[in-house]
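Quick look at input_12.cif (mmCIF, C-alpha atoms and all ligand atoms):
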```cif
data_query
loop_
_atom_site.label_atom_id
_atom_site.label_comp_id
_atom_site.auth_asym_id
_atom_site.auth_seq_id
_atom_site.Cartn_x
_atom_site.Cartn_y
_atom_site.Cartn_z
CA MET A 4 12.69 48.82 1.61
CA LYS A 5 9.47 49.32 -0.24
CA LYS A 6 8.34 48.63 -3.70
CA PHE A 7 6.88 51.65 -5.41
CA ALA A 8 4.87 51.41 -8.57
CA THR A 9 6.49 53.89 -10.89
CA ALA A 10 5.87 54.74 -14.46
CA ILE A 11 8.63 54.05 -16.91
CA ILE A 12 10.63 57.18 -17.49
CA THR A 13 13.04 57.29 -20.35
CA LEU A 14 15.53 60.03 -19.84
CA GLY A 15 16.86 61.43 -23.08
CA ALA A 16 20.29 63.04 -23.20
CA VAL A 17 18.68 66.37 -23.89
CA GLY A 18 15.90 65.94 -21.37
CA ALA A 19 15.71 68.37 -18.51
CA LEU A 20 14.63 65.68 -16.06
CA THR A 21 16.81 65.13 -13.06
CA LEU A 22 16.64 61.83 -11.25
CA SER A 23 15.78 62.20 -7.63
CA GLY A 24 18.55 60.97 -5.40
CA CYS A 25 21.27 61.48 -7.95
CA SER A 26 22.58 64.78 -6.78
CA SER A 27 24.87 63.25 -4.18
CA SER A 28 27.25 62.03 -6.83
CA ASP A 29 30.11 64.40 -7.33
CA ARG A 30 32.10 62.18 -9.62
CA ASP A 31 29.77 62.26 -12.59
CA ASP A 32 30.16 64.77 -15.32
CA THR A 33 27.34 67.23 -15.47
CA THR A 34 25.94 68.00 -18.87
CA ALA A 35 24.86 71.42 -19.97
CA GLU A 36 21.28 70.42 -19.21
CA GLY A 37 22.17 69.68 -15.64
CA THR A 38 21.38 65.97 -15.78
CA GLU A 39 23.61 63.46 -14.14
CA SER A 40 25.79 61.21 -16.25
CA ALA A 41 29.07 60.81 -17.98
CA ALA A 42 26.98 61.21 -21.11
CA ALA A 43 29.75 61.91 -23.55
CA GLY A 44 29.53 58.54 -25.29
CA PHE A 45 32.47 56.38 -26.31
CA ALA A 46 33.78 54.37 -29.27
CA ALA A 47 31.45 51.66 -30.56
CA ASP A 48 34.14 48.98 -30.24
CA SER A 49 35.15 49.88 -26.67
CA THR A 50 36.11 47.42 -23.97
CA ILE A 51 33.29 46.55 -21.57
CA GLY A 52 34.13 44.81 -18.28
CA VAL A 53 31.72 42.39 -16.64
CA ALA A 54 32.75 41.29 -13.13
CA LEU A 55 30.67 38.31 -12.03
CA PRO A 56 30.70 36.76 -8.54
CA GLN A 57 31.15 33.04 -7.83
CA LYS A 58 29.17 30.39 -9.69
CA THR A 59 26.69 30.05 -6.83
CA SER A 60 23.74 29.41 -9.13
CA GLU A 61 23.04 28.61 -12.80
CA ASN A 62 21.92 32.18 -13.60
CA TRP A 63 25.50 33.45 -13.24
CA VAL A 64 26.91 30.78 -15.55
CA LEU A 65 24.30 31.64 -18.16
CA ALA A 66 25.05 35.36 -17.76
CA GLU A 67 28.72 34.80 -18.59
CA GLN A 68 27.88 33.30 -21.96
CA LEU A 69 25.11 35.81 -22.73
CA PHE A 70 27.35 38.79 -21.94
CA ASN A 71 30.19 37.44 -24.08
CA ASP A 72 27.92 36.71 -27.04
CA GLY A 73 25.66 39.78 -26.72
CA LEU A 74 28.46 42.31 -26.23
CA LYS A 75 30.45 40.91 -29.15
CA GLU A 76 27.37 40.97 -31.34
CA ALA A 77 26.84 44.63 -30.40
CA GLY A 78 30.40 45.40 -31.54
CA PHE A 79 32.06 45.76 -28.12
CA SER A 80 35.14 43.96 -26.75
CA PRO A 81 33.97 42.16 -23.61
CA ILE A 82 36.06 41.06 -20.64
CA VAL A 83 33.79 38.78 -18.60
CA GLN A 84 35.24 37.26 -15.44
CA PHE A 85 34.16 35.21 -12.45
CA ALA A 86 35.86 35.75 -9.10
CA ASN A 87 35.69 32.24 -7.77
CA SER A 88 38.24 32.78 -5.05
CA GLY A 89 36.45 35.73 -3.48
CA VAL A 90 36.38 39.48 -2.86
CA PRO A 91 40.11 40.33 -3.36
CA GLU A 92 40.05 38.59 -6.73
CA GLN A 93 36.96 40.58 -7.77
CA GLN A 94 38.59 43.82 -6.61
CA ASN A 95 41.71 43.03 -8.68
CA GLN A 96 39.65 42.14 -11.72
CA ILE A 97 37.78 45.45 -11.59
CA SER A 98 41.06 47.39 -11.23
CA ALA A 99 42.48 45.51 -14.23
CA MET A 100 39.37 46.32 -16.27
CA VAL A 101 39.87 50.01 -15.48
CA GLU A 102 43.51 49.73 -16.55
CA GLN A 103 42.35 48.19 -19.81
CA ASP A 104 40.23 51.29 -20.35
CA ALA A 105 36.82 49.62 -19.97
CA LYS A 106 34.17 52.25 -20.67
CA VAL A 107 31.46 50.45 -18.73
CA ILE A 108 31.96 48.15 -15.76
CA VAL A 109 29.08 45.83 -15.05
CA VAL A 110 29.37 44.33 -11.59
CA GLY A 111 27.62 41.40 -9.96
CA ALA A 112 29.22 41.89 -6.57
CA ILE A 113 30.25 39.09 -4.24
CA ASP A 114 30.18 41.56 -1.38
CA GLY A 115 28.35 44.72 -2.38
CA SER A 116 29.99 46.82 0.30
CA GLN A 117 33.63 46.07 -0.53
CA LEU A 118 34.07 47.56 -3.98
CA GLY A 119 33.94 51.30 -3.21
CA THR A 120 37.65 51.93 -3.83
CA GLN A 121 37.83 50.05 -7.13
CA LEU A 122 34.56 51.48 -8.47
CA GLY A 123 35.59 54.97 -7.33
CA ALA A 124 38.76 54.55 -9.43
CA ALA A 125 36.61 53.38 -12.35
CA LYS A 126 34.48 56.52 -12.12
CA ASP A 127 37.58 58.70 -11.85
CA ALA A 128 38.84 57.09 -15.06
CA GLY A 129 35.57 58.08 -16.74
CA ALA A 130 33.86 54.68 -16.79
CA THR A 131 30.17 54.11 -16.19
CA VAL A 132 29.33 51.62 -13.44
CA ILE A 133 26.27 49.38 -13.60
CA ALA A 134 25.33 47.20 -10.61
CA TYR A 135 23.98 44.00 -12.14
CA ASP A 136 21.49 41.83 -10.20
CA ARG A 137 23.10 42.77 -6.85
CA LEU A 138 23.22 46.31 -5.51
CA VAL A 139 26.60 47.93 -4.79
CA LYS A 140 26.51 49.48 -1.32
CA ASN A 141 27.99 52.47 0.50
CA THR A 142 29.45 54.23 -2.52
CA ASP A 143 28.34 56.94 -4.91
CA ALA A 144 30.44 55.26 -7.63
CA VAL A 145 27.49 53.49 -9.22
CA ASP A 146 25.41 54.99 -12.02
CA GLN A 147 22.63 52.49 -12.30
CA TYR A 148 21.16 49.28 -10.93
CA ILE A 149 19.62 46.65 -13.22
CA ALA A 150 17.91 43.70 -11.56
CA PHE A 151 14.76 41.76 -10.99
CA ASP A 152 12.90 43.37 -8.11
CA ASN A 153 14.44 41.56 -5.13
CA TYR A 154 11.92 42.64 -2.52
CA GLN A 155 9.13 41.41 -4.77
CA VAL A 156 10.95 38.05 -5.14
CA GLY A 157 10.69 37.68 -1.35
CA VAL A 158 7.01 38.68 -1.31
CA LEU A 159 6.29 36.03 -3.95
CA GLN A 160 8.21 33.39 -1.98
CA GLY A 161 6.36 34.15 1.27
CA THR A 162 3.04 34.08 -0.55
CA ALA A 163 3.88 30.78 -2.28
CA LEU A 164 4.85 29.18 1.03
CA LEU A 165 1.46 30.06 2.56
CA GLU A 166 -0.36 28.90 -0.55
CA GLY A 167 1.58 25.61 -0.65
CA LEU A 168 0.92 24.94 3.03
CA ALA A 169 -2.83 25.43 2.54
CA LYS A 170 -2.82 23.17 -0.52
CA ARG A 171 -0.59 20.36 0.71
CA GLN A 172 -0.51 20.34 4.51
CA GLY A 173 -4.17 20.45 5.51
CA ALA A 174 -5.51 23.04 7.92
CA GLY A 175 -3.00 25.08 9.94
CA PRO A 176 -1.36 25.95 12.23
CA TRP A 177 1.88 24.90 10.52
CA ASN A 178 5.49 24.42 11.59
CA ILE A 179 8.07 26.11 9.41
CA GLU A 180 11.77 26.95 9.26
CA LEU A 181 13.40 29.94 7.59
CA VAL A 182 16.45 30.23 5.35
CA ALA A 183 18.11 33.38 4.02
CA GLY A 184 20.92 33.86 1.49
CA SER A 185 24.50 34.95 2.05
CA ALA A 186 24.79 38.02 4.28
CA ASP A 187 27.47 39.65 2.10
CA ASP A 188 25.13 39.61 -0.92
CA ALA A 189 23.05 42.79 -0.95
CA ASN A 190 20.11 40.78 -2.31
CA ALA A 191 19.83 38.46 0.67
CA THR A 192 18.21 41.12 2.86
CA PRO A 193 15.48 42.31 0.47
CA PHE A 194 14.65 38.67 -0.37
CA PHE A 195 14.23 37.93 3.35
CA GLU A 196 12.43 41.17 4.20
CA GLY A 197 10.01 40.72 1.30
CA ALA A 198 9.19 37.19 2.45
CA MET A 199 8.87 38.21 6.09
CA SER A 200 6.47 41.02 5.17
CA VAL A 201 4.08 38.17 4.31
CA LEU A 202 5.11 35.59 6.93
CA GLN A 203 5.67 37.72 10.06
CA PRO A 204 1.95 38.54 10.53
CA LYS A 205 1.22 34.80 10.30
CA ILE A 206 3.91 34.06 12.88
CA ASP A 207 2.45 36.76 15.11
CA ASP A 208 -1.08 35.35 14.90
CA LYS A 209 0.28 31.79 15.46
CA THR A 210 -0.78 30.42 12.08
CA LEU A 211 2.94 29.65 11.66
CA THR A 212 5.43 28.45 14.26
CA VAL A 213 9.17 28.55 13.64
CA VAL A 214 9.93 25.56 15.86
CA SER A 215 13.71 26.15 16.09
CA GLY A 216 13.04 29.73 17.17
CA GLN A 217 15.53 30.93 14.52
CA THR A 218 13.87 33.94 12.94
CA ASP A 219 16.55 36.65 12.79
CA PHE A 220 18.36 37.21 9.53
CA ASP A 221 21.73 36.56 11.19
CA ALA A 222 20.56 33.21 12.53
CA VAL A 223 19.07 32.00 9.25
CA GLN A 224 21.57 33.33 6.69
CA THR A 225 23.66 30.89 4.62
CA ALA A 226 27.32 31.85 4.09
CA GLY A 227 28.34 31.88 0.44
CA TRP A 228 24.91 30.63 -0.70
CA LYS A 229 26.36 27.13 -0.18
CA ALA A 230 24.06 24.11 -0.10
CA GLU A 231 26.43 22.30 2.27
CA ASN A 232 26.07 25.12 4.83
CA VAL A 233 22.28 25.06 4.89
CA GLN A 234 22.35 21.26 4.93
CA LYS A 235 24.53 21.27 8.06
CA ARG A 236 22.26 23.82 9.73
CA PHE A 237 19.20 21.69 8.94
CA ASP A 238 20.85 18.48 10.16
CA THR A 239 21.13 20.16 13.55
CA ILE A 240 17.67 21.76 13.48
CA LEU A 241 15.96 18.52 12.47
CA SER A 242 17.59 16.36 15.10
CA ALA A 243 16.98 18.94 17.83
CA ASN A 244 13.37 19.81 16.96
CA TYR A 245 11.79 17.25 14.64
CA SER A 246 13.04 13.84 15.75
CA ASP A 247 10.14 13.44 18.21
CA GLY A 248 7.40 13.32 15.57
CA THR A 249 6.92 17.09 15.30
CA VAL A 250 6.08 17.68 11.63
CA LEU A 251 8.03 20.19 9.54
CA HIS A 252 5.31 21.50 7.23
CA GLY A 253 7.16 24.17 5.30
CA VAL A 254 10.48 25.90 4.62
CA LEU A 255 11.17 29.34 3.23
CA SER A 256 14.19 28.93 0.98
CA PRO A 257 15.57 31.94 -0.93
CA ASN A 258 16.83 29.95 -3.91
CA ASP A 259 16.84 26.56 -5.60
CA THR A 260 20.38 25.57 -4.61
CA LEU A 261 19.54 26.03 -0.93
CA ALA A 262 16.13 24.35 -1.34
CA ARG A 263 17.90 21.25 -2.61
CA GLY A 264 20.34 21.41 0.33
CA VAL A 265 17.40 21.49 2.76
CA LEU A 266 15.64 18.62 0.97
CA THR A 267 18.80 16.49 1.16
CA SER A 268 18.93 17.02 4.92
CA VAL A 269 15.21 16.25 5.30
CA LYS A 270 15.55 13.04 3.28
CA GLN A 271 18.58 11.91 5.25
CA ALA A 272 16.60 12.44 8.45
CA GLY A 273 13.84 10.26 6.99
CA LEU A 274 11.21 12.99 7.31
CA PRO A 275 8.39 13.77 4.87
CA THR A 276 8.99 16.46 2.23
CA PRO A 277 7.94 19.92 3.45
CA VAL A 278 6.47 22.59 1.21
CA ILE A 279 9.58 24.50 0.10
CA THR A 280 10.15 27.59 -2.00
CA GLY A 281 13.07 28.47 -4.26
CA GLN A 282 14.36 30.87 -6.89
CA ASP A 283 16.21 30.78 -10.23
CA SER A 284 14.34 28.03 -12.08
CA GLU A 285 17.37 25.75 -12.06
CA VAL A 286 16.95 22.60 -14.13
CA GLU A 287 17.13 20.19 -11.18
CA SER A 288 14.59 22.18 -9.20
CA VAL A 289 12.18 22.53 -12.11
CA GLN A 290 12.36 18.74 -12.45
CA SER A 291 11.67 18.45 -8.71
CA ILE A 292 8.67 20.80 -9.03
CA MET A 293 7.26 18.78 -11.91
CA ALA A 294 7.73 15.62 -9.81
CA GLY A 295 5.65 17.24 -7.04
CA GLU A 296 8.54 17.69 -4.61
CA GLN A 297 9.84 21.32 -4.42
CA TYR A 298 6.76 23.54 -4.30
CA SER A 299 7.81 26.73 -6.07
CA THR A 300 10.60 28.64 -7.71
CA ILE A 301 10.99 32.08 -9.25
CA TYR A 302 11.62 32.75 -12.92
CA LYS A 303 14.06 35.59 -13.54
CA ASP A 304 14.90 35.18 -17.19
CA THR A 305 18.65 35.83 -17.39
CA ARG A 306 18.32 36.51 -21.12
CA GLU A 307 16.05 39.44 -20.29
CA LEU A 308 18.35 40.81 -17.60
CA VAL A 309 21.47 40.64 -19.77
CA ALA A 310 19.60 42.15 -22.74
CA ALA A 311 18.43 45.07 -20.57
CA THR A 312 22.02 45.60 -19.42
CA ILE A 313 23.37 45.55 -22.97
CA ASP A 314 20.64 48.03 -23.99
CA ALA A 315 21.83 50.35 -21.22
CA ILE A 316 25.46 49.97 -22.37
CA LYS A 317 24.39 50.85 -25.94
CA ALA A 318 22.66 53.97 -24.63
CA TYR A 319 25.77 55.03 -22.68
CA GLN A 320 27.87 54.37 -25.79
CA LYS A 321 25.76 56.84 -27.75
CA GLY A 322 25.89 59.37 -24.95
CA GLU A 323 22.23 58.83 -24.12
CA LYS A 324 20.53 58.05 -20.85
CA PRO A 325 19.44 54.45 -20.28
CA GLU A 326 15.92 53.47 -19.32
CA ILE A 327 15.11 53.88 -15.63
CA ASN A 328 11.81 52.78 -14.06
CA ASP A 329 12.46 53.17 -10.34
CA THR A 330 14.11 56.03 -8.53
CA GLU A 331 13.02 55.29 -4.98
CA SER A 332 13.48 51.68 -3.90
CA TYR A 333 17.21 50.96 -3.85
CA ASP A 334 19.07 53.17 -1.40
CA ASN A 335 22.68 51.94 -1.18
CA GLY A 336 23.51 53.89 1.97
CA VAL A 337 24.98 56.83 0.06
CA LYS A 338 22.40 57.44 -2.63
CA VAL A 339 19.22 56.07 -4.09
CA VAL A 340 20.50 54.27 -7.14
CA PRO A 341 18.40 54.87 -10.28
CA SER A 342 17.16 51.43 -11.23
CA TYR A 343 15.73 49.45 -14.06
CA LEU A 344 13.75 46.70 -12.36
CA LEU A 345 12.32 43.67 -14.12
CA THR A 346 9.38 41.68 -12.81
CA PRO A 347 10.03 38.24 -11.26
CA VAL A 348 7.45 35.50 -11.81
CA ILE A 349 6.43 32.82 -9.31
CA VAL A 350 6.35 29.29 -10.71
CA THR A 351 4.60 26.19 -9.36
CA LYS A 352 3.69 22.94 -11.08
CA ASP A 353 0.40 24.59 -12.10
CA ASN A 354 1.84 27.38 -14.26
CA ALA A 355 5.30 26.03 -15.17
CA ALA A 356 4.40 25.09 -18.76
CA GLU A 357 2.94 28.53 -19.38
CA VAL A 358 5.78 30.51 -17.75
CA TYR A 359 8.58 28.53 -19.42
CA ALA A 360 6.87 28.28 -22.82
CA ASN A 361 9.54 30.42 -24.52
CA ASP A 362 12.54 29.06 -22.65
CA PRO A 363 14.28 26.42 -24.78
CA THR A 364 15.94 24.74 -21.78
CA LEU A 365 13.00 24.72 -19.37
CA ALA A 366 9.97 24.29 -21.63
CA PRO A 367 10.78 20.62 -22.47
CA LEU A 368 10.92 19.81 -18.74
CA THR A 369 7.26 20.73 -18.34
CA LYS A 370 5.96 18.40 -21.09
C1 LIG B 401 20.72 36.22 -7.11
C2 LIG B 401 19.94 34.93 -7.01
C3 LIG B 401 20.88 33.77 -6.74
C4 LIG B 401 21.85 34.07 -5.61
C5 LIG B 401 22.90 33.01 -5.47
C6 LIG B 401 21.53 36.35 -5.85
O1 LIG B 401 22.18 37.55 -5.77
O2 LIG B 401 19.84 37.30 -7.26
O3 LIG B 401 19.24 34.74 -8.20
O4 LIG B 401 20.13 32.64 -6.38
O5 LIG B 401 22.46 35.28 -5.83
O6 LIG B 401 23.67 32.89 -6.60
#
```
As structure tokens, how would this structure be written, given the file I've shared?
Amino acid sequence: MKKFATAIITLGAVGALTLSGCSSSDRDDTTAEGTESAAAGFAADSTIGVALPQKTSENWVLAEQLFNDGLKEAGFSPIVQFANSGVPEQQNQISAMVEQDAKVIVVGAIDGSQLGTQLGAAKDAGATVIAYDRLVKNTDAVDQYIAFDNYQVGVLQGTALLEGLAKRQGAGPWNIELVAGSADDANATPFFEGAMSVLQPKIDDKTLTVVSGQTDFDAVQTAGWKAENVQKRFDTILSANYSDGTVLHGVLSPNDTLARGVLTSVKQAGLPTPVITGQDSEVESVQSIMAGEQYSTIYKDTRELVAATIDAIKAYQKGEKPEINDTESYDNGVKVVPSYLLTPVIVTKDNAAEVYANDPTLAPLTK
């Protein structure tokens, strides 16, 4: 997956532009102009369904509240639900939203490849489907993807790890370990691939050594994004590879929850804190960064992501096309999903105050 710099294209309902990669959808209505979309519009007080995954990080919890408030404020009737018990629950929730005549279904998938049937039924019922934060895979029943650029998140994490090692661990070569997210989450792969695009050349030239030898995605993934799972894996890795004085200099972690799981394991083993990356700007991790412990995180302002999604819903409501700024990067196996990608920001102790300046929760932590 590559990141392409693309100009922002706003597709008006009357525009003659056709999105590349959209032609494979046969479910969408085709307007007289030949553009893809169910662009007929719908009532301003329609039901909007938002299917969220499990509460695996703070961003999802925040999204629930922002969707409820923002959709109500825009005049819609929101149904916002978590699927804490897993995929079947999320499938049932989406089917129920369709039955309740939801005009747009926003989905943050637990498993992006297991919703084809339910989203297909949503499209057949005339709903618009937006993949939110996580791509929906192997189905043409998705109109749009709205997310922070996941591959770029990984690139920033890999870059921060190298930078942190140079700053805090003296001259290389350095010993590192790798962590990836949950394999069922479509984001876990681009995060890892983005990071490895930076780290693999340094592993190849021996600047970095992965002492455990665990470098494949399957070996380093963390089921359910659960801290306890990565902690168990690290307990084993540390006792097998680092109990003889070998120093663990750095860890690639895909998010803050898992970074904290790794740090717990490292502390329990009595080893010095490695340079470790993260993502999500969770309160506990921002505090850890300010205390000089966790090295970096990523800021993906959930307020921005939810606002962009509500803007898209408003456009669909009026029968207009939403804003799209990438038509090449996110191929879901059936089609390249037209995307609106936001820019993630890397955060370390050095720029935290500046990056979080307008965030009422995080700004005070940097004072
Ligand atoms: C999100 C991350 C989050 C992870 C676990 C991913 O899909 O993009 O921000 O850390 O899920 O909740």
### Query
Using only C-alpha atoms, which residue out of A:Val182, A:Ser215, A:Ile149, A:Leu168 lies closest to Leu344 (chain A)?
A:Ile149
### Task
Please identify all polymer residues lying at most 9 Å from the point (19.5, 26.6, 3.2) (file coordinates), using only C-alpha atoms, and present the result as a VMD selection string.
chain A and resid 181 to 184 223 to 225 228 to 237 255 to 258 260 to 265
### Task
Please give me, as a ChimeraX atom specification, the residues lying within 9 Å of ligand LIG 401 (chain B) when counting all atoms listed in the file.
/A:56-63,111-113,136-138,150-151,153,184-185,188-191,194,227-229,257-261,281-283,301,303
### Message
Could you check the closest approach to Val278 (chain A) for each of A:Ile179, A:Leu55, A:Leu202, A:Ala243 and tell me which residue wins, using all atoms listed in the file?
### Response
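Closest candidate: A:Ile179.
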Find the smallest box with edges along x, y and z containing every listed atom of region 357-363 of chain A, then add 8 Å on each side and report centre and edge lengths in Å to one decimal, as AutoDock Vina command-line options.
```
--center_x 8.6 --center_y 28.5 --center_z -21.3 --size_x 27.3 --size_y 20.1 --size_z 23.0
```
### Message
Ranking A:Glu166, A:Leu65, A:Val101, A:Asn178 by minimum distance to Gly216 (chain A) and counting only C-alpha atoms, which one comes first?
### Response
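With only C-alpha atoms as the atom set, the closest residue is A:Asn178.
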### Message
Ranking A:Gly73, A:Gly78, A:Gly175, A:Gly119 by minimum distance to Gln94 (chain A) and counting all atoms listed in the file, which one comes first?
### Response
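Selected residue with least distance to Gln94 (chain A): A:Gly119.
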### Query
Can you tell me how far CA of Gly167 (chain A) sits from CA of Gln297 (chain A), in Å to one decimal?
10.0 Å
### Top pick for closest residue to Thr364 (chain A), considering A:Val289, A:Val340, A:Val350, A:Val156 and counting all atoms listed in the file
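Looking only at the distances to Thr364 (chain A), the closest residue turns out to be A:Val289.
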### Query
With all atoms listed in the file as the basis for distance, which of A:Ala105, A:Ala125, A:Val139, A:Ala66 is at the shortest distance from Asp48 (chain A)?
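Checking each candidate against Asp48 (chain A), we get A:Ala105 as the closest.
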### Task
Would you mind reading off the distance between CA of Thr50 (chain A) and CA of Leu74 (chain A), one decimal, in Å?
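That distance, rounded to one decimal, is 9.5 Å.
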### Query
So how many Å separate CA of Gly322 (chain A) and CA of Asp104 (chain A), to one decimal?
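Straight-line distance from CA of Gly322 (chain A) to CA of Asp104 (chain A) works out to 17.1 Å.
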Incomplete region 121-135 of chain A brought to N, CA and C atoms, written out as an mmCIF file, in the coordinates of the input:
```
data_model
loop_
_atom_site.group_PDB
_atom_site.id
_atom_site.type_symbol
_atom_site.label_atom_id
_atom_site.label_comp_id
_atom_site.auth_asym_id
_atom_site.auth_seq_id
_atom_site.Cartn_x
_atom_site.Cartn_y
_atom_site.Cartn_z
ATOM 1 N N GLN A 121 37.595 50.426 -5.722
ATOM 2 C CA GLN A 121 37.830 50.050 -7.130
ATOM 3 C C GLN A 121 36.824 50.757 -8.045
ATOM 4 N N LEU A 122 35.561 50.834 -7.611
ATOM 5 C CA LEU A 122 34.560 51.480 -8.470
ATOM 6 C C LEU A 122 34.759 52.990 -8.485
ATOM 7 N N GLY A 123 35.247 53.539 -7.367
ATOM 8 C CA GLY A 123 35.590 54.970 -7.330
ATOM 9 C C GLY A 123 36.670 55.267 -8.367
ATOM 10 N N ALA A 124 37.671 54.375 -8.440
ATOM 11 C CA ALA A 124 38.760 54.550 -9.430
ATOM 12 C C ALA A 124 38.197 54.428 -10.844
ATOM 13 N N ALA A 125 37.229 53.526 -11.021
ATOM 14 C CA ALA A 125 36.610 53.380 -12.350
ATOM 15 C C ALA A 125 35.913 54.669 -12.754
ATOM 16 N N LYS A 126 35.173 55.267 -11.813
ATOM 17 C CA LYS A 126 34.480 56.520 -12.120
ATOM 18 C C LYS A 126 35.492 57.632 -12.415
ATOM 19 N N ASP A 127 36.559 57.663 -11.624
ATOM 20 C CA ASP A 127 37.580 58.700 -11.850
ATOM 21 C C ASP A 127 38.206 58.560 -13.231
ATOM 22 N N ALA A 128 38.278 57.319 -13.722
ATOM 23 C CA ALA A 128 38.840 57.090 -15.060
ATOM 24 C C ALA A 128 37.811 57.355 -16.154
ATOM 25 N N GLY A 129 36.591 57.715 -15.751
ATOM 26 C CA GLY A 129 35.570 58.080 -16.740
ATOM 27 C C GLY A 129 34.632 56.945 -17.124
ATOM 28 N N ALA A 130 34.743 55.809 -16.443
ATOM 29 C CA ALA A 130 33.860 54.680 -16.790
ATOM 30 C C ALA A 130 32.483 54.854 -16.158
ATOM 31 N N THR A 131 31.513 54.181 -16.747
ATOM 32 C CA THR A 131 30.170 54.110 -16.190
ATOM 33 C C THR A 131 30.063 52.797 -15.420
ATOM 34 N N VAL A 132 29.436 52.829 -14.256
ATOM 35 C CA VAL A 132 29.330 51.620 -13.440
ATOM 36 C C VAL A 132 27.871 51.186 -13.326
ATOM 37 N N ILE A 133 27.620 49.937 -13.704
ATOM 38 C CA ILE A 133 26.270 49.380 -13.600
ATOM 39 C C ILE A 133 26.297 48.236 -12.581
ATOM 40 N N ALA A 134 25.481 48.335 -11.542
ATOM 41 C CA ALA A 134 25.330 47.200 -10.610
ATOM 42 C C ALA A 134 24.332 46.245 -11.255
ATOM 43 N N TYR A 135 24.773 44.998 -11.439
ATOM 44 C CA TYR A 135 23.980 44.000 -12.140
ATOM 45 C C TYR A 135 23.472 42.956 -11.151
#
```
